[in-house]
Number of protein chains: 2
Amino acid sequence: LSPAPSLLHSQIAKEVAKLLDMKAQLGGDEGKQKFVLKTPKGTRDFGPKEMAIRERAFKAIISCFKRHGAEVIDTPVFELKETLTGKYGEDSKLIYDLKDQGGELLSLRYDLTVPFARYLAMNKITNIKRYHIAKVYRRDNPAMTRGRYREFYQCDFDIAGQFDPMIPDAECLKIVHEILSDLQLGDFVIKVNDRRILDGMFAVCGVPDSKFRTICSSVDKLDKVPWEEVRSEMVGEKGLSPEAADRIGEYVQLHGGLELIERLLQDPKLSQNKLAKEGLGDMKLLFEYLTLFGITGKISFDLSLARGLDYYTGVIFEAVLLQQENQHVEEPVSVGSVAGGGRYDGLVGMFDPKGRKVPCVGVSIGVERIFSILEQRLEASEEKIRTTETQVLVASAQKKLLEERLKLISELWDAGIKAEMLYKKNPKLLNQLQYCEDTGIPLVAIVGEQELKDGVVKLRIVATREEVNVRRESLVEEIRIRTSQC
Amino acid sequence: LSPAPSLLHSQIAKEVAKLLDMKAQLGGDEGKQKFVLKTPKGTRDFGPKEMAIRERAFKAIISCFKRHGAEVIDTPVFELKETLTGKYGEDSKLIYDLKDQGGELLSLRYDLTVPFARYLAMNKITNIKRYHIAKVYRRDNPAMTRGRYREFYQCDFDIAGQFDPMIPDAECLKIVHEILSDLQLGDFVIKVNDRRILDGMFAVCGVPDSKFRTICSSVDKLDKVPWEEVRSEMVGEKGLSPEAADRIGEYVQLHGGLELIERLLQDPKLSQNKLAKEGLGDMKLLFEYLTLFGITGKISFDLSLARGLDYYTGVIFEAVLLQQENQHVEEPVSVGSVAGGGRYDGLVGMFDPKGRKVPCVGVSIGVERIFSILEQRLEASEEKIRTTETQVLVASAQKKLLEERLKLISELWDAGIKAEMLYKKNPKLLNQLQYCEDTGIPLVAIVGEQELKDGVVKLRIVATREEVNVRRESLVEEIRIRTSQC
């Protein structure tokens, strides 16, 4: 009895599917053409050169964070989905969710601030100064040449705790100033404003409460778009009265220092608004502290600074690079904002079962743009960057000395010397010297029949081609001395 | 005209949903109870103390990798799903997939080896020695007290390239030996075997080709399960003949050194098998090199070592801790394997459009278990671990000196001194000294009216309570000298 034709068809289809599956699993020659050999959209690998640059930037940033007494923490790359819900306003659509494979619903972290607040609430920590350097994830439209990725690093420094006003806030700005100066990224300005001043300004300009947020996000565009466009968005799309818009227009063009703060504290309208007055009073205090730090030259109180994130409650700030310092670069990249932050006194309370608040202020350094600049500068310069720290290559001039090379390199490793050898039984001396040239290894320890008999090693200084015989028992010390200057 | 009741109902329902949504978005007091305040299953936060321990372990591992001349790379946390397909055999079900939110299908990386192979093929790199330290993700059953997590670190060192046999392989074992010795984790043994010896053994024992893999995975259980159970799985579940199983049983109980290799090279059956002979020849060479490195004392050629991953083609190895060194620990954790690796000559070819092979050998250090041991040992010891590097606290004994403290700390920061102060206008001296005790800050720089007049700062050494007046212009140097010993 043969099966019905339709049954046969479905059986054949099943078998074909099974075979295709097996083929895919085997990954044999036939399956190869299917592979798309790439990293996911908006992501990239860091090769040894990029890593060397990345580590330079991190070193400057971490040593600054440590100079300011910060501890370090780390959190998982994903959080419960609900931990992130309701924290990012409209940007929530950019969150990466994990597939529901049974169990908890998870999302990749969007920043390091919300996980930090979750960590504080979960561990009932009311007082900490910490940094956290890790990758965050946003399903944004990548613009990788301008340093905008879907997977990117944030370097966050935050101070949590109930303290006297503006002292931690001033330290955050000092930190941004130190890092940007240290990295020599060229001229920069740190714009400062306060959520309370913005809200007070909106109130006295006649913006209805319900429109504060959306008008705020219009103001946020002023660094990219002229006032006329922003105004027409406010009036046209967002239904603000032209009079209110014009009043805002007058304020948001203001920027300056202490004298502007003093002037606004006398402003007949703003000075009548409780929030604005509070914000301006604190801003004055902040500028006094920044004066003591000697950094007001790069700080601008800027009423057009708005910053998108929902959770800010007080001071907000953003550091902007003004131009490429290095003029050799042919196409200077427009880099814009490289750091930002502010005060968020309500976020931890959103996680605490009893709503207990832990005031926080922090800064996030956006290193991808900094990497781009450092990479570009390095390419323009003559500097050859090393990607290893190897001090010496263990080499031989004659054949059949593999065992002797292995013995010597083992001695060096055990003494803490950074040493390499070519993985060949009988490498040519020229190839070994070439390897040093290519990788920047400064010394070559050459073993040969005669040297072995004499109990010495021939040490060659790659840069000068000088060669000296060193007694085997002094070799480690000699290598240390000769590489301590580099 | 009033709407129909059903319409009314649906309208009410809609409004309720809207309100609930708004409530959730506001995250107000009423919404809070819903939050589950935790990290996802199988993951954890690293607080400052755990980070201090983690950084100690990483420091030992990284300095070893650098000592051996490795470059460093980094790859994205997720890969195209198809990049991971067909690489992990049965374990593929443990891969975390991302939700399909439009665009590419992505998965979190399962190890660092497959992304490394993808990186090599994509960039046509045929020759590299690199390390990579990063988190990987497995939807496994977590056993967190034993150091098994769903998000965990791997520290990988790999050598890619066409070289003379067993030289890079021997270096990988030397690296494991150096790291485990350096971390002082107690006694350990590194088991070594070879895929070719295993396959040859299966062949001469009469295992049909089609059963190699599944029998191999039975052998893999021998470190946890006695032979009798493994045998009955082979015969009962997997349909192997009892005779074949018994022949395997004789081999897999063998372990030793050079003399065992020599003996098996004379074994009438094994010596007739091409694969086994090749593997044994290389194993002999490996042991010769390890003898030159002086580490054979901790190496065991062990015929029961199988390792699960599909991609191994030659030498395989696994390091196992034998016992807790520290006897003060009340409940010694059973830790088992802390490092593993092997040769995988075919993996890069699976990604290359033309199937070009790049031979690779590498080792992965499983640091979570090492963290557990170090944490436990630290708890048992008296040692107080510092979580900051702060050298000096800037303090004041009187009120109204906030400005002076800010000026002084700013000078110290600018000179590269690691300095903190309390964020209070008028902190009590006792509280400031207590802060130093709590956090291990060794020095206090005290400003007071008299000191300011005299142009000095009072420097207090916390440990001895000694106090000396230091001229302000010498303070930086004095702090450097006094903290250089610590």
# chains A, B, ... in the order shown; residues from 1 in each chain; ligands from 1
$ select_by_dssp --residues "region 276-459 of chain A" --states "strand (DSSP E or B)" --output "PyMOL selection string"
chain A and resi 299-302+315-321+337-343+360-365+392-396+419-420+443-447+456-459
$ select_by_dssp --residues "region 34-245 of chain A" --states "helix (DSSP H, G or I)" --output "ChimeraX atom specification"
/A:34,48-67,81-84,89-94,113-122,144-146,167-182,195-205,209-223,227-237,242-245
$ residues_around --residues "Leu374 (chain A)" --least-positions-apart "3" --cutoff "10 Å" --atoms "only C-alpha atoms" --output "list of chain:residue names"
A:Glu50, A:Ile53, A:Arg54, A:Arg56, A:Ala57, A:Leu183, A:Gln184, A:Leu185, A:Glu368, A:Arg369, A:Ile370, A:Phe371, A:Arg377, A:Leu378, A:Glu379, A:Ala380
$ residues_around --residues "region 429-439 of chain B" --least-positions-apart "6" --cutoff "7 Å" --atoms "only C-alpha atoms" --output "MDAnalysis selection string"
chainID B and resid 386 395:397
$ write_last_selection --atoms "C-alpha atoms" --output "PDB file, in the first residue's frame"
ATOM      1  CA  ARG B 386      40.882  48.981  49.960  1.00  0.00           C
ATOM      2  CA  ALA B 395      40.007  68.340  55.997  1.00  0.00           C
ATOM      3  CA  SER B 396      39.451  71.287  58.262  1.00  0.00           C
ATOM      4  CA  ALA B 397      39.274  71.581  62.016  1.00  0.00           C
TER       5      ALA B 397
END
$ residues_around --residues "region 58-69 of chain B" --least-positions-apart "4" --cutoff "8 Å" --atoms "only C-alpha atoms" --output "short mmCIF file (atom, residue, chain, number, x, y, z; two decimals) with all heavy atoms, in the first residue's frame"
data_model
loop_
_atom_site.label_atom_id
_atom_site.label_comp_id
_atom_site.auth_asym_id
_atom_site.auth_seq_id
_atom_site.Cartn_x
_atom_site.Cartn_y
_atom_site.Cartn_z
N THR A 388 52.11 45.69 21.45
CA THR A 388 52.55 44.76 22.49
C THR A 388 53.58 45.49 23.35
O THR A 388 54.00 46.59 23.01
CB THR A 388 53.23 43.50 21.90
OG1 THR A 388 54.47 43.89 21.32
CG2 THR A 388 52.37 42.83 20.87
N GLU A 389 53.96 44.85 24.44
CA GLU A 389 54.96 45.46 25.32
C GLU A 389 56.23 44.62 25.39
O GLU A 389 57.06 44.81 26.28
CB GLU A 389 54.36 45.61 26.73
CG GLU A 389 53.16 46.53 26.75
CD GLU A 389 52.48 46.59 28.11
OE1 GLU A 389 53.03 46.04 29.10
OE2 GLU A 389 51.40 47.17 28.20
N THR A 390 56.36 43.70 24.45
CA THR A 390 57.49 42.77 24.46
C THR A 390 58.82 43.51 24.55
O THR A 390 59.09 44.43 23.80
CB THR A 390 57.46 41.90 23.19
OG1 THR A 390 56.15 41.35 23.08
CG2 THR A 390 58.49 40.80 23.25
N TRP A 413 60.62 34.48 31.05
CA TRP A 413 59.23 34.58 31.50
C TRP A 413 59.14 34.44 33.02
O TRP A 413 58.46 35.21 33.69
CB TRP A 413 58.36 33.49 30.85
CG TRP A 413 58.05 33.73 29.40
CD1 TRP A 413 57.93 34.94 28.76
CD2 TRP A 413 57.79 32.73 28.40
NE1 TRP A 413 57.62 34.75 27.43
CE2 TRP A 413 57.52 33.40 27.19
CE3 TRP A 413 57.75 31.33 28.40
CZ2 TRP A 413 57.21 32.73 26.01
CZ3 TRP A 413 57.43 30.65 27.23
CH2 TRP A 413 57.18 31.35 26.03
N GLY A 416 59.80 37.41 34.86
CA GLY A 416 58.90 38.55 34.63
C GLY A 416 59.24 39.38 33.42
O GLY A 416 58.67 40.45 33.22
N ILE A 417 60.16 38.91 32.60
CA ILE A 417 60.51 39.64 31.37
C ILE A 417 59.49 39.32 30.28
O ILE A 417 59.08 38.17 30.12
CB ILE A 417 61.93 39.24 30.90
CG1 ILE A 417 62.98 39.61 31.96
CG2 ILE A 417 62.27 39.88 29.55
CD1 ILE A 417 63.19 41.08 32.15
N LYS A 418 59.09 40.35 29.54
CA LYS A 418 58.16 40.14 28.42
C LYS A 418 58.96 39.71 27.20
O LYS A 418 59.71 40.50 26.64
CB LYS A 418 57.39 41.43 28.14
CG LYS A 418 56.47 41.81 29.28
CD LYS A 418 55.88 43.20 29.09
CE LYS A 418 55.20 43.66 30.36
NZ LYS A 418 55.53 45.05 30.68
N ALA A 419 58.79 38.46 26.82
CA ALA A 419 59.66 37.89 25.79
C ALA A 419 58.85 37.10 24.77
O ALA A 419 57.85 36.48 25.10
CB ALA A 419 60.69 36.98 26.44
N GLU A 420 59.30 37.16 23.53
CA GLU A 420 58.70 36.36 22.47
C GLU A 420 59.77 35.60 21.71
O GLU A 420 60.96 35.90 21.81
CB GLU A 420 57.97 37.27 21.46
CG GLU A 420 56.69 37.88 21.96
CD GLU A 420 55.99 38.67 20.85
OE1 GLU A 420 55.49 38.05 19.90
OE2 GLU A 420 55.99 39.90 20.94
N ARG B 54 38.34 41.19 41.62
CA ARG B 54 38.33 40.91 40.19
C ARG B 54 39.54 41.55 39.52
O ARG B 54 40.20 40.92 38.68
CB ARG B 54 37.03 41.47 39.62
CG ARG B 54 36.81 41.20 38.18
CD ARG B 54 35.40 41.62 37.79
NE ARG B 54 35.42 42.65 36.77
CZ ARG B 54 34.33 43.17 36.22
NH1 ARG B 54 33.13 42.79 36.61
NH2 ARG B 54 34.44 44.08 35.28
N LYS B 129 48.75 36.74 17.66
CA LYS B 129 48.73 36.22 19.03
C LYS B 129 47.99 37.26 19.83
O LYS B 129 48.47 38.39 19.96
CB LYS B 129 50.18 36.07 19.52
CG LYS B 129 50.34 35.60 20.93
CD LYS B 129 51.80 35.14 21.18
CE LYS B 129 52.83 36.21 20.82
NZ LYS B 129 54.22 35.78 20.99
N TYR B 131 45.02 38.37 23.12
CA TYR B 131 44.13 38.00 24.22
C TYR B 131 42.85 38.81 24.13
O TYR B 131 42.79 39.84 23.46
CB TYR B 131 44.82 38.13 25.58
CG TYR B 131 45.08 39.53 26.10
CD1 TYR B 131 44.16 40.17 26.89
CD2 TYR B 131 46.27 40.18 25.82
CE1 TYR B 131 44.40 41.45 27.39
CE2 TYR B 131 46.52 41.45 26.32
CZ TYR B 131 45.58 42.08 27.10
OH TYR B 131 45.82 43.34 27.59
N CYS B 155 38.77 34.72 29.85
CA CYS B 155 40.04 35.37 29.55
C CYS B 155 40.76 34.48 28.57
O CYS B 155 41.28 33.44 28.97
CB CYS B 155 40.87 35.55 30.81
SG CYS B 155 40.00 36.41 32.12
N PHE B 157 43.45 33.52 25.49
CA PHE B 157 44.72 33.77 24.82
C PHE B 157 44.81 32.78 23.68
O PHE B 157 44.63 31.56 23.90
CB PHE B 157 45.87 33.56 25.82
CG PHE B 157 47.25 33.60 25.21
CD1 PHE B 157 48.02 34.76 25.25
CD2 PHE B 157 47.80 32.47 24.61
CE1 PHE B 157 49.30 34.80 24.70
CE2 PHE B 157 49.07 32.50 24.05
CZ PHE B 157 49.83 33.67 24.10
N ILE B 175 51.44 29.12 29.92
CA ILE B 175 50.64 30.26 30.38
C ILE B 175 49.69 29.86 31.50
O ILE B 175 49.58 30.54 32.52
CB ILE B 175 49.89 30.90 29.18
CG1 ILE B 175 50.88 31.76 28.38
CG2 ILE B 175 48.69 31.71 29.63
CD1 ILE B 175 50.33 32.32 27.11
N GLU B 178 51.73 29.39 34.58
CA GLU B 178 52.17 30.66 35.19
C GLU B 178 51.03 31.34 35.93
O GLU B 178 51.20 31.83 37.06
CB GLU B 178 52.70 31.62 34.10
CG GLU B 178 54.09 31.27 33.62
CD GLU B 178 54.59 32.22 32.53
OE1 GLU B 178 54.12 33.37 32.46
OE2 GLU B 178 55.44 31.80 31.72
N ILE B 179 49.84 31.38 35.31
CA ILE B 179 48.72 32.11 35.93
C ILE B 179 48.25 31.41 37.20
O ILE B 179 48.06 32.06 38.24
CB ILE B 179 47.56 32.26 34.92
CG1 ILE B 179 47.96 33.26 33.83
CG2 ILE B 179 46.28 32.71 35.62
CD1 ILE B 179 47.01 33.34 32.66
N ASP B 182 50.83 31.97 39.85
CA ASP B 182 50.88 33.36 40.28
C ASP B 182 49.72 33.69 41.21
O ASP B 182 49.86 34.42 42.19
CB ASP B 182 50.83 34.24 39.03
CG ASP B 182 51.17 35.69 39.33
OD1 ASP B 182 51.66 35.96 40.44
OD2 ASP B 182 50.95 36.55 38.46
N LEU B 183 48.53 33.15 40.90
CA LEU B 183 47.35 33.46 41.71
C LEU B 183 47.31 32.67 43.02
O LEU B 183 46.43 32.89 43.85
CB LEU B 183 46.07 33.19 40.91
CG LEU B 183 45.77 34.20 39.80
CD1 LEU B 183 44.62 33.71 38.93
CD2 LEU B 183 45.43 35.57 40.39
#
$ closest_residue --among "A:Val367, A:Val36, A:Thr43, A:Gly102" --to "Thr83 (chain B)" --atoms "only C-alpha atoms"
A:Val36
$ residues_around --residues "region 71-81 of chain B" --least-positions-apart "3" --cutoff "6 Å" --atoms "only C-alpha atoms" --output "list in words"
Pro40, Asp45, Phe46, Gly47, Pro48, Thr387 and Thr388 of chain A; Leu84, Leu105, Leu106, Ser107, Leu108, Arg109, Arg130, Tyr131 and His132 of chain B
$ write_last_selection --atoms "all heavy atoms" --output "short mmCIF file (atom, residue, chain, number, x, y, z; two decimals), in the first residue's frame"
data_model
loop_
_atom_site.label_atom_id
_atom_site.label_comp_id
_atom_site.auth_asym_id
_atom_site.auth_seq_id
_atom_site.Cartn_x
_atom_site.Cartn_y
_atom_site.Cartn_z
N PRO A 40 27.43 42.88 13.53
CA PRO A 40 26.08 43.45 13.43
C PRO A 40 26.12 44.95 13.13
O PRO A 40 27.08 45.64 13.48
CB PRO A 40 25.49 43.18 14.81
CG PRO A 40 26.20 41.95 15.29
CD PRO A 40 27.60 42.10 14.78
N ASP A 45 34.57 45.66 15.50
CA ASP A 45 35.65 45.04 16.27
C ASP A 45 36.67 46.12 16.60
O ASP A 45 36.82 47.11 15.88
CB ASP A 45 36.35 43.96 15.42
CG ASP A 45 35.42 42.81 15.08
OD1 ASP A 45 34.66 42.38 15.96
OD2 ASP A 45 35.47 42.35 13.92
N PHE A 46 37.37 45.92 17.70
CA PHE A 46 38.55 46.71 17.99
C PHE A 46 39.76 45.83 17.74
O PHE A 46 39.96 44.85 18.46
CB PHE A 46 38.56 47.17 19.45
CG PHE A 46 37.59 48.27 19.76
CD1 PHE A 46 36.27 48.00 20.02
CD2 PHE A 46 38.04 49.59 19.79
CE1 PHE A 46 35.38 49.03 20.32
CE2 PHE A 46 37.16 50.62 20.08
CZ PHE A 46 35.83 50.34 20.36
N GLY A 47 40.55 46.15 16.74
CA GLY A 47 41.80 45.43 16.51
C GLY A 47 42.87 45.94 17.47
O GLY A 47 42.62 46.88 18.23
N PRO A 48 44.05 45.32 17.42
CA PRO A 48 45.11 45.72 18.36
C PRO A 48 45.43 47.22 18.35
O PRO A 48 45.64 47.81 19.40
CB PRO A 48 46.30 44.89 17.89
CG PRO A 48 45.69 43.68 17.27
CD PRO A 48 44.44 44.16 16.61
N THR A 387 51.63 47.69 19.74
CA THR A 387 50.44 46.97 20.22
C THR A 387 50.83 45.86 21.19
O THR A 387 49.96 45.13 21.66
CB THR A 387 49.64 46.39 19.04
OG1 THR A 387 50.52 45.57 18.26
CG2 THR A 387 49.09 47.49 18.16
N THR A 388 52.11 45.69 21.45
CA THR A 388 52.55 44.76 22.49
C THR A 388 53.58 45.49 23.35
O THR A 388 54.00 46.59 23.01
CB THR A 388 53.23 43.50 21.90
OG1 THR A 388 54.47 43.89 21.32
CG2 THR A 388 52.37 42.83 20.87
N LEU B 84 27.04 32.13 14.87
CA LEU B 84 27.17 31.14 15.95
C LEU B 84 26.57 29.78 15.59
O LEU B 84 26.85 28.79 16.26
CB LEU B 84 26.49 31.66 17.23
CG LEU B 84 26.91 33.05 17.72
CD1 LEU B 84 26.34 33.31 19.11
CD2 LEU B 84 28.43 33.18 17.77
N LEU B 105 19.08 39.35 12.66
CA LEU B 105 18.86 38.44 13.79
C LEU B 105 20.18 38.30 14.54
O LEU B 105 21.20 37.94 13.97
CB LEU B 105 18.39 37.07 13.29
CG LEU B 105 16.99 37.07 12.70
CD1 LEU B 105 16.61 35.66 12.22
CD2 LEU B 105 15.96 37.58 13.71
N LEU B 106 20.15 38.57 15.84
CA LEU B 106 21.38 38.63 16.63
C LEU B 106 21.33 37.66 17.81
O LEU B 106 20.27 37.33 18.32
CB LEU B 106 21.58 40.06 17.16
CG LEU B 106 21.55 41.18 16.12
CD1 LEU B 106 21.60 42.54 16.80
CD2 LEU B 106 22.70 41.04 15.13
N SER B 107 22.50 37.23 18.25
CA SER B 107 22.63 36.40 19.45
C SER B 107 23.80 36.93 20.28
O SER B 107 24.77 37.45 19.74
CB SER B 107 22.93 34.95 19.08
OG SER B 107 21.91 34.42 18.27
N LEU B 108 23.67 36.78 21.60
CA LEU B 108 24.80 37.13 22.46
C LEU B 108 25.90 36.10 22.28
O LEU B 108 25.63 34.91 22.10
CB LEU B 108 24.36 37.18 23.93
CG LEU B 108 23.31 38.23 24.31
CD1 LEU B 108 23.09 38.23 25.81
CD2 LEU B 108 23.73 39.62 23.85
N ARG B 109 27.15 36.52 22.36
CA ARG B 109 28.25 35.58 22.16
C ARG B 109 28.24 34.51 23.26
O ARG B 109 27.90 34.80 24.41
CB ARG B 109 29.60 36.31 22.13
CG ARG B 109 29.92 37.05 23.40
CD ARG B 109 31.24 37.83 23.28
NE ARG B 109 31.31 38.82 24.34
CZ ARG B 109 31.92 39.99 24.25
NH1 ARG B 109 32.54 40.32 23.14
NH2 ARG B 109 31.91 40.84 25.26
N ARG B 130 46.80 36.94 20.31
CA ARG B 130 46.00 37.99 20.95
C ARG B 130 45.33 37.45 22.21
O ARG B 130 45.12 36.26 22.35
CB ARG B 130 44.93 38.52 20.00
CG ARG B 130 43.68 37.65 19.83
CD ARG B 130 42.61 37.99 20.84
NE ARG B 130 41.42 37.15 20.71
CZ ARG B 130 41.29 35.95 21.24
NH1 ARG B 130 42.27 35.39 21.90
NH2 ARG B 130 40.17 35.27 21.10
N TYR B 131 45.02 38.37 23.12
CA TYR B 131 44.13 38.00 24.22
C TYR B 131 42.85 38.81 24.13
O TYR B 131 42.79 39.84 23.46
CB TYR B 131 44.82 38.13 25.58
CG TYR B 131 45.08 39.53 26.10
CD1 TYR B 131 44.16 40.17 26.89
CD2 TYR B 131 46.27 40.18 25.82
CE1 TYR B 131 44.40 41.45 27.39
CE2 TYR B 131 46.52 41.45 26.32
CZ TYR B 131 45.58 42.08 27.10
OH TYR B 131 45.82 43.34 27.59
N HIS B 132 41.84 38.31 24.82
CA HIS B 132 40.53 38.96 24.81
C HIS B 132 39.86 38.61 26.13
O HIS B 132 39.71 37.43 26.45
CB HIS B 132 39.72 38.45 23.63
CG HIS B 132 38.40 39.17 23.42
ND1 HIS B 132 37.46 38.74 22.52
CD2 HIS B 132 37.88 40.28 24.01
CE1 HIS B 132 36.41 39.57 22.55
NE2 HIS B 132 36.64 40.50 23.45
#
$ closest_residue --among "B:Gly206, B:Val363, B:Arg44, B:Gly440" --to "Glu383 (chain B)" --atoms "only C-alpha atoms"
B:Gly440
$ atom_distance --atom1 "CA of Gly281 (chain B)" --atom2 "CA of Ile365 (chain B)"
27.0 Å
